[in-house]
Amino acid sequence: MRTQEADPAGAGDVRGAAVARRRLLGAAGAGLVLAAAALTGCSPEADADAGGGSGSGEPSGDSFTTPAPGTAPRPLWQAPAAAGALGSLDTLAVAGDVVLVSGEPLVGRDLATGKELWSRPRTAVPGARMILGGGRLYLASTAYDGDVVALDPATGEEVWRSRLGGRYAQPRPVGADGERVYVVAGILEKDFSSSRNVIAAIDTRTGKAVWSERRDAGTEEYGIHSAVSGRRLVYTDSRENVTVRDTMSGRQLWTKKIGRSSLDRLVVHDGLVIVPDGRTLRAFALESGAERWSLATDEFSSFNGPAVLDGVLYVSDSTRSLWAVDPASGRRLWRNEALLDSAYPVQFAKVGNTLYGATRFDEDGGVHAYDARDGKLRWTWNDGSGSVEQWYVVSSGRRLAALHARKLSVLPAV
């Protein structure tokens, strides 16, 4: 089934032009903000309260006061974080009651209070993906010595360290489940070069390699986005491939070319692999690779990475509209095109009937809260720093963790 959604004639051109003008003005505005900060001697941190204020840092339970309609809640707590704008979308994670930020040092904080529970220097490459599975956190060694390290996220203590037999260079964990962590690594030649790469599985209990499979010639070690679903490992890379492997054996089931490099998150849901491919979302059958549906946005727009939350696929496009889609059929449920004055979200979380979106590189960005039933924008929270760096967001229970520049904030999910 192929579903196409088209704007009235010329609407895409008008909206594209409006966005282009707005971005030019926005870039100039951002420069003025930074220049003013330099002249007055104020650091971004000095104005942190401007976006909603700092919490007390004390436990507050889960009974949060609901702010007035259209008003963002105040943070429960805020803390410094050693991460910048260049991380992956998994640079922020929650494991149980611990919130983790990829950076130097790697720090675990109590989600409820913000208290630092543990800190490990020289453990995580800044911006590295926080790969969780089987109650462990998996990272590539910062010494670039070929090690993969498993940590207990509750304590920060090392559980095991794997060298993959010393045959591979610069391994990077790309996914995990309860039994295995999946790693992409270069094949180390006798002259210490690495022109080919493998994907390997490591046993999460022992740290021993279970299998390794050489990837096709021309595939990239970088730009990989991945997901694990049952016995299937799905990933894309910057060479415009989407590939599915069996997690037990490493056998490649199928691979397909997509029209352009996918630099955003993919989704595996209910037997489908859903990937953004320029102005089209495409859904493939997980087992066979057959295309099941596609959905197009406007001619001069492109989709960002989707997310499926509570059985609904949410995705934004580059002309600042927000979509809700039935992931089984590709049928549009709603599309909010009245968001030209707000930055578009690239990462989502959902609590109850509220959809939260974290934005990318925009002075009008922050954490957006939308009504998940129609996409209407309820409020935006910004930390007031003036930074245009990317935002990251993840929810756990009634709390919403938001990372921006070098600050971590936890908001009540109300």
# chains A, B, ... in the order shown; residues from 1 in each chain; ligands from 1

$ residues_around --residues "Glu337 of chain A" --least-positions-apart "4" --cutoff "9 Å" --atoms "only C-alpha atoms" --output "list in words"
Thr319, Arg320, Ser321, Leu322 and Trp323 of chain A

$ write_last_selection --atoms "C-alpha atoms" --output "short mmCIF file (atom, residue, chain, number, x, y, z; two decimals), in the first residue's frame"
data_model
loop_
_atom_site.label_atom_id
_atom_site.label_comp_id
_atom_site.auth_asym_id
_atom_site.auth_seq_id
_atom_site.Cartn_x
_atom_site.Cartn_y
_atom_site.Cartn_z
CA THR A 319 8.87 22.53 7.26
CA ARG A 320 8.04 22.43 10.98
CA SER A 321 4.91 20.33 10.89
CA LEU A 322 4.22 17.42 13.23
CA TRP A 323 2.58 14.16 12.18
#

$ atom_distance --atom1 "atom CA of Ser249 of chain A" --atom2 "atom CA of Val181 of chain A"
13.1 Å

$ residues_around --residues "segment 262-272 of chain A" --least-positions-apart "2" --cutoff "6 Å" --atoms "only C-alpha atoms" --output "PyMOL selection string"
chain A and resi 225+274-275+284-286+305

$ write_last_selection --atoms "C-alpha atoms" --output "compact mmCIF listing (two decimals), in the first residue's frame"
# COMPACT_ATOMS: atom_id res chain seq x y z
CA HIS A 225 21.32 3.85 13.70
CA ILE A 274 10.15 2.18 9.46
CA VAL A 275 12.87 4.52 8.20
CA PHE A 284 9.48 -2.69 5.24
CA ALA A 285 8.45 -6.13 6.47
CA LEU A 286 10.91 -7.13 9.21
CA GLY A 305 13.52 10.32 12.75

$ closest_residue --among "A:Asp383, A:Glu363, A:Asp97, A:Asp177" --to "Ala112 of chain A" --atoms "only C-alpha atoms"
A:Asp97

$ atom_distance --atom1 "atom CA of Val125 of chain A" --atom2 "atom CA of Asp246 of chain A"
28.5 Å

$ select_by_dssp --residues "segment 286-376 of chain A" --states "strand (DSSP E)" --output "VMD selection string"
chain A and resid 291 to 296 307 to 309 312 to 316 322 to 325 332 to 336 345 to 351 354 to 359 367 to 371

$ closest_residue --among "A:Arg399, A:Arg129, A:Arg251, A:Arg232" --to "Asp90 of chain A" --atoms "only C-alpha atoms"
A:Arg129

$ residues_around --residues "segment 345-360 of chain A" --least-positions-apart "3" --cutoff "9 Å" --atoms "only C-alpha atoms" --output "ChimeraX atom specification"
/A:85,89,264-265,304-310,314-317,320,322,364-373,375,378,388-400,402,413-414

$ write_last_selection --atoms "N, CA and C atoms" --output "CSV table (one decimal), in the first residue's frame"
chain,number,residue,atom,x,y,z
A,85,ALA,N,26.5,19.5,22.1
A,85,ALA,CA,25.5,19.3,21.1
A,85,ALA,C,25.8,18.2,20.1
A,89,LEU,N,21.3,10.6,19.6
A,89,LEU,CA,20.1,10.8,20.3
A,89,LEU,C,20.0,9.9,21.6
A,264,ASP,N,18.9,9.7,10.9
A,264,ASP,CA,18.0,9.8,12.0
A,264,ASP,C,17.6,8.4,12.4
A,265,ARG,N,17.0,8.4,13.6
A,265,ARG,CA,16.5,7.1,14.2
A,265,ARG,C,15.5,6.4,13.3
A,304,ASN,N,12.2,13.8,9.6
A,304,ASN,CA,13.2,13.5,10.6
A,304,ASN,C,12.9,12.1,11.2
A,305,GLY,N,13.7,11.7,12.2
A,305,GLY,CA,13.5,10.3,12.8
A,305,GLY,C,12.2,10.1,13.5
A,306,PRO,N,11.5,9.0,13.2
A,306,PRO,CA,10.2,8.8,13.9
A,306,PRO,C,10.4,8.1,15.2
A,307,ALA,N,9.3,8.0,16.0
A,307,ALA,CA,9.2,7.3,17.2
A,307,ALA,C,7.8,6.7,17.3
A,308,VAL,N,7.6,5.5,17.8
A,308,VAL,CA,6.3,4.9,18.1
A,308,VAL,C,6.1,4.8,19.6
A,309,LEU,N,5.1,5.5,20.0
A,309,LEU,CA,4.8,5.6,21.5
A,309,LEU,C,3.3,5.3,21.7
A,310,ASP,N,3.0,4.3,22.5
A,310,ASP,CA,1.7,3.9,22.8
A,310,ASP,C,0.9,3.6,21.5
A,314,TYR,N,5.0,9.1,15.7
A,314,TYR,CA,5.1,10.5,15.7
A,314,TYR,C,6.4,10.9,15.0
A,315,VAL,N,6.3,11.9,14.1
A,315,VAL,CA,7.4,12.3,13.3
A,315,VAL,C,7.2,13.8,12.9
A,316,SER,N,8.3,14.5,12.8
A,316,SER,CA,8.3,15.9,12.4
A,316,SER,C,8.9,16.0,11.0
A,317,ASP,N,8.7,17.1,10.3
A,317,ASP,CA,9.4,17.3,9.0
A,317,ASP,C,10.1,18.7,9.0
A,320,ARG,N,8.5,22.2,9.6
A,320,ARG,CA,8.0,22.4,11.0
A,320,ARG,C,6.6,22.0,11.2
A,322,LEU,N,4.1,18.6,12.4
A,322,LEU,CA,4.2,17.4,13.2
A,322,LEU,C,3.1,16.5,12.8
A,364,ASP,N,14.6,29.2,19.4
A,364,ASP,CA,13.2,29.1,19.9
A,364,ASP,C,12.9,27.7,20.3
A,365,GLY,N,13.9,26.9,20.4
A,365,GLY,CA,13.7,25.5,20.8
A,365,GLY,C,13.6,25.2,22.3
A,366,GLY,N,13.7,24.0,22.6
A,366,GLY,CA,13.6,23.5,24.0
A,366,GLY,C,12.8,22.3,24.1
A,367,VAL,N,12.1,22.1,25.1
A,367,VAL,CA,11.2,21.0,25.3
A,367,VAL,C,9.8,21.5,24.9
A,368,HIS,N,9.2,21.0,23.9
A,368,HIS,CA,7.8,21.3,23.5
A,368,HIS,C,6.9,20.2,24.1
A,369,ALA,N,5.7,20.7,24.6
A,369,ALA,CA,4.7,19.8,25.0
A,369,ALA,C,3.5,19.9,24.1
A,370,TYR,N,3.0,18.8,23.5
A,370,TYR,CA,1.9,18.8,22.6
A,370,TYR,C,0.8,17.9,23.1
A,371,ASP,N,-0.4,18.3,22.8
A,371,ASP,CA,-1.5,17.4,23.0
A,371,ASP,C,-1.4,16.2,22.1
A,372,ALA,N,-1.2,15.0,22.6
A,372,ALA,CA,-1.0,13.9,21.7
A,372,ALA,C,-2.2,13.5,20.9
A,373,ARG,N,-3.3,14.0,21.2
A,373,ARG,CA,-4.6,13.7,20.5
A,373,ARG,C,-4.7,14.5,19.2
A,375,GLY,N,-1.9,17.1,18.3
A,375,GLY,CA,-0.7,17.8,18.0
A,375,GLY,C,-0.6,19.2,18.3
A,378,ARG,N,1.1,22.9,23.5
A,378,ARG,CA,0.6,23.3,24.8
A,378,ARG,C,1.5,24.4,25.4
A,388,VAL,N,21.9,27.5,21.2
A,388,VAL,CA,21.2,26.9,20.2
A,388,VAL,C,21.5,25.4,20.0
A,389,GLU,N,22.2,24.9,21.0
A,389,GLU,CA,22.6,23.5,20.9
A,389,GLU,C,21.4,22.6,20.9
A,390,GLN,N,21.6,21.3,20.5
A,390,GLN,CA,20.5,20.4,20.4
A,390,GLN,C,20.0,20.0,21.8
A,391,TRP,N,18.7,19.7,21.9
A,391,TRP,CA,18.1,19.2,23.1
A,391,TRP,C,17.9,17.7,23.1
A,392,TYR,N,17.9,17.0,24.2
A,392,TYR,CA,17.6,15.6,24.3
A,392,TYR,C,16.6,15.4,25.4
A,393,VAL,N,15.7,14.4,25.3
A,393,VAL,CA,14.7,14.2,26.3
A,393,VAL,C,14.4,12.8,26.4
A,394,VAL,N,14.1,12.3,27.6
A,394,VAL,CA,13.7,11.0,27.9
A,394,VAL,C,12.8,11.0,29.1
A,395,SER,N,11.7,10.2,29.1
A,395,SER,CA,10.8,10.1,30.3
A,395,SER,C,10.9,8.9,31.1
A,396,SER,N,10.6,8.9,32.3
A,396,SER,CA,10.5,7.8,33.2
A,396,SER,C,9.5,8.1,34.3
A,397,GLY,N,8.4,7.3,34.3
A,397,GLY,CA,7.3,7.6,35.2
A,397,GLY,C,6.8,8.9,35.0
A,398,ARG,N,6.7,9.7,36.1
A,398,ARG,CA,6.1,11.1,36.0
A,398,ARG,C,7.2,12.1,35.9
A,399,ARG,N,8.4,11.7,35.4
A,399,ARG,CA,9.5,12.7,35.3
A,399,ARG,C,10.0,12.7,33.9
A,400,LEU,N,10.5,13.9,33.5
A,400,LEU,CA,11.0,14.1,32.1
A,400,LEU,C,12.4,14.7,32.3
A,402,ALA,N,15.7,16.3,30.6
A,402,ALA,CA,16.1,17.1,29.4
A,402,ALA,C,17.5,17.5,29.5
A,413,ALA,N,6.4,15.6,34.6
A,413,ALA,CA,5.6,15.3,33.4
A,413,ALA,C,4.1,15.5,33.8
A,414,VAL,N,3.6,16.7,33.5
A,414,VAL,CA,2.3,17.1,33.9
A,414,VAL,C,1.5,17.6,32.7
